[in-house]
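Please read the structure below before turning to the comments.
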Amino acid sequence: MADKRASEILKGARGEAARAKSSADLEQVRVKYLGRQGILTQFLRSLSSIPVAERPEVGREANLAKAEIETLLGERLAELKAAERRHALESQRVDLTLPGRRPSPGTLHPLTLVQDEIIEIFLGLGFAVAEGPEVESDFYNFEALNIPRDHPARDMQDTFYLSEDVLLRTHTSPMQIRIMKAMRPPLRYIFPGRVYRRDIADASHSPVFHQVEGLAVDRNISMGDLKGTLELFAREMFGPRTTTRFRPSFFPFTEPSAEVDVRCFLCGGEGCRVCKQSGWLEILGSGMVHPQVLRNVGYDPEEVTGWAFGMGVERIAMLKYGIDDIRLFFENDLRFLTQFA
Ligand code: PHE
């Protein structure tokens with residue numbers, strides 16, 4: 001009597017494979033029939049217990065059934081996989097005709113724009129640009145600039161000291177010394193860069209800010225050249241009708257010294273909140289290079305003279321754009337930054 005079990009197992013497997021709705025379902029069918037504890041596997045294992053005479057025939061049928069189950073599972077798996085792939089493509093469809101997301105390009109920082117503008121003006125006047133270290137020695141920042149030992153700027157309160165002799169430069173003036181020591185006159189340079197002071201940040205103070213320093217040294221350089229240069233600068237920067245005023249001042253490294261004001265372009269000189277009712281806005285400090293400073297770098301003040309100036313980039317930018325809080329430059333709020341592009 002032929003054993004019907006192999007064909008029954010095959011029939012069962014065929015039906016279940018056909019009903020499997022996913023490759024995961026189908027895997028369960030495979031385990032159920034062909035797994036280590038699977039129905040067919042167990043059947044093959046039990047062949048040793050049937051009569052010897054029947055064994056070849058039943059064994060052959062069992063092996064055929066196994067091969068057939070493997071084939072039908074393979075075919076059904078391919079079908080289900082194809083369906084699953086179609087479904088995935090359908091549900092994750094990418095519409096290539098949709099407009100792309102526009103990348104928003106960065107803009108130059110307003111301080112960069114203003115600094116570049118300052119540099120452009122002086123390049124046009126024949127000045128060269130040089131940059132120097134923000135970490136300076138006491139010698140370049142103070143000593144060589146004729147700033148005496150007991151000057152308040154040297155106080156721990158005002159200067160960031162890294163050690164007794166090393167500090168964060170409090171102005172760009174140390175570059176005057178560096179360039180004069182490195183070169184011989186005639187010199188015409190500007191020095192843009194970052195400077196540091198121990199100030200608490202408020203609307204008009206920041207512990208880090210930017211300056212552009214200027215220096216000209218040659219035979220017969222006069223205060224008149226300084227005045228003409230800075231008047232031209234002010235008109236280029238703030239408009240052709242800008243009026244300037246030179247006001248006597250004091251710096252240890254210039255003599256005589258002058259601060260330069262521009263007529264308040266908000267009120268036209270009438271007096272307002274921005275110019276604090278004075279009608280004038282201070283834009284920079286300047287003066288003739290002090291003879292002692294020239295001697296400090298090995299120049300003969302009888303032979304050469306020079307002048308220097310230093311301006312705050314933030315201050316110029318605030319005046320030019322009517323910005324009333326210096327902290328806006330450092331907060332990186334795009335609503336502020338993108339207004340200047
Ligand atoms: N270094 C001075 C300051 O920071 C500005 C200055 C520069 C004045 C050059 C005169 C000459 O205030």
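Scheme for the structure tokens: letters A, B, ... for chains in order shown; per-chain residue numbers from 1; ligand numbers from 1 in order shown.
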
What lies within 8 Å of Asp218 of chain A using only C-alpha atoms, ignoring chain neighbours under 6 positions off, as an MDAnalysis selection string?
chainID A and resid 185:187 304:306

Keeping only all heavy atoms, take the residues you just selected and write them out as a compact mmCIF listing (two decimals), in the first residue's frame.
```txt
# COMPACT_ATOMS: atom_id res chain seq x y z
N PRO A 185 60.73 103.90 6.51
CA PRO A 185 59.86 104.85 5.82
C PRO A 185 60.29 105.00 4.35
O PRO A 185 61.48 104.77 4.07
CB PRO A 185 60.08 106.16 6.58
CG PRO A 185 60.77 105.77 7.86
CD PRO A 185 61.49 104.49 7.60
N PRO A 186 59.42 105.42 3.43
CA PRO A 186 58.03 105.84 3.70
C PRO A 186 57.08 104.66 3.93
O PRO A 186 57.18 103.65 3.25
CB PRO A 186 57.66 106.57 2.40
CG PRO A 186 58.52 105.95 1.34
CD PRO A 186 59.80 105.56 2.01
N LEU A 187 56.17 104.86 4.88
CA LEU A 187 55.19 103.82 5.23
C LEU A 187 53.78 104.38 5.14
O LEU A 187 53.51 105.49 5.61
CB LEU A 187 55.38 103.37 6.69
CG LEU A 187 56.72 102.76 7.10
CD1 LEU A 187 56.71 102.50 8.60
CD2 LEU A 187 56.94 101.47 6.34
N VAL A 304 62.23 112.02 10.23
CA VAL A 304 60.91 111.60 9.74
C VAL A 304 59.82 111.96 10.74
O VAL A 304 60.08 112.07 11.94
CB VAL A 304 60.84 110.07 9.47
CG1 VAL A 304 61.71 109.67 8.30
CG2 VAL A 304 61.20 109.28 10.73
N THR A 305 58.64 112.19 10.20
CA THR A 305 57.47 112.40 11.05
C THR A 305 56.36 111.48 10.56
O THR A 305 56.46 110.89 9.47
CB THR A 305 56.97 113.86 10.97
OG1 THR A 305 56.83 114.22 9.59
CG2 THR A 305 57.94 114.81 11.66
N GLY A 306 55.31 111.39 11.34
CA GLY A 306 54.22 110.51 10.91
C GLY A 306 52.95 110.82 11.66
O GLY A 306 52.95 111.59 12.62
```

Given only C-alpha atoms, how would the per-residue table for segment 259-314 of chain A near segment 224-233 of chain A read, listing every residue at most 8 Å away with its closest atom pair and distance in Å to one decimal, sorted by chain and number, as JSON lines?
```
{"residue": "A:Gly287", "atom": "CA", "partner": "A:Leu226", "partner_atom": "CA", "distance": 7.8}
{"residue": "A:Trp307", "atom": "CA", "partner": "A:Leu226", "partner_atom": "CA", "distance": 6.6}
{"residue": "A:Ala308", "atom": "CA", "partner": "A:Leu226", "partner_atom": "CA", "distance": 7.9}
```

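All residues of protein, DNA or RNA that reach within 12 Å of Asp165 of chain A, judged by only C-alpha atoms and not counting those fewer than 5 positions away in the chain, are A:Val135, A:Glu136, A:Ser137, A:Asp138, A:Phe139, A:Tyr140, A:Asn141, A:Phe142, A:Glu143, A:Arg154, A:Met156, A:Thr159, A:Phe160.
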
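Comparing the minimum interatomic distances between Ala144 of chain A and each of A:Ala6, A:Leu167, A:Met180, A:Ala216, counting only C-alpha atoms, we find that A:Met180 sits nearest.
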
Polymer residues at most 12 Å from Lys66 of chain A, only C-alpha atoms, same-chain spacing of 2 or more positions, as a VMD selection string:
chain A and resid 6 to 11 13 to 14 30 33 to 35 38 to 44 59 to 64 68 to 73
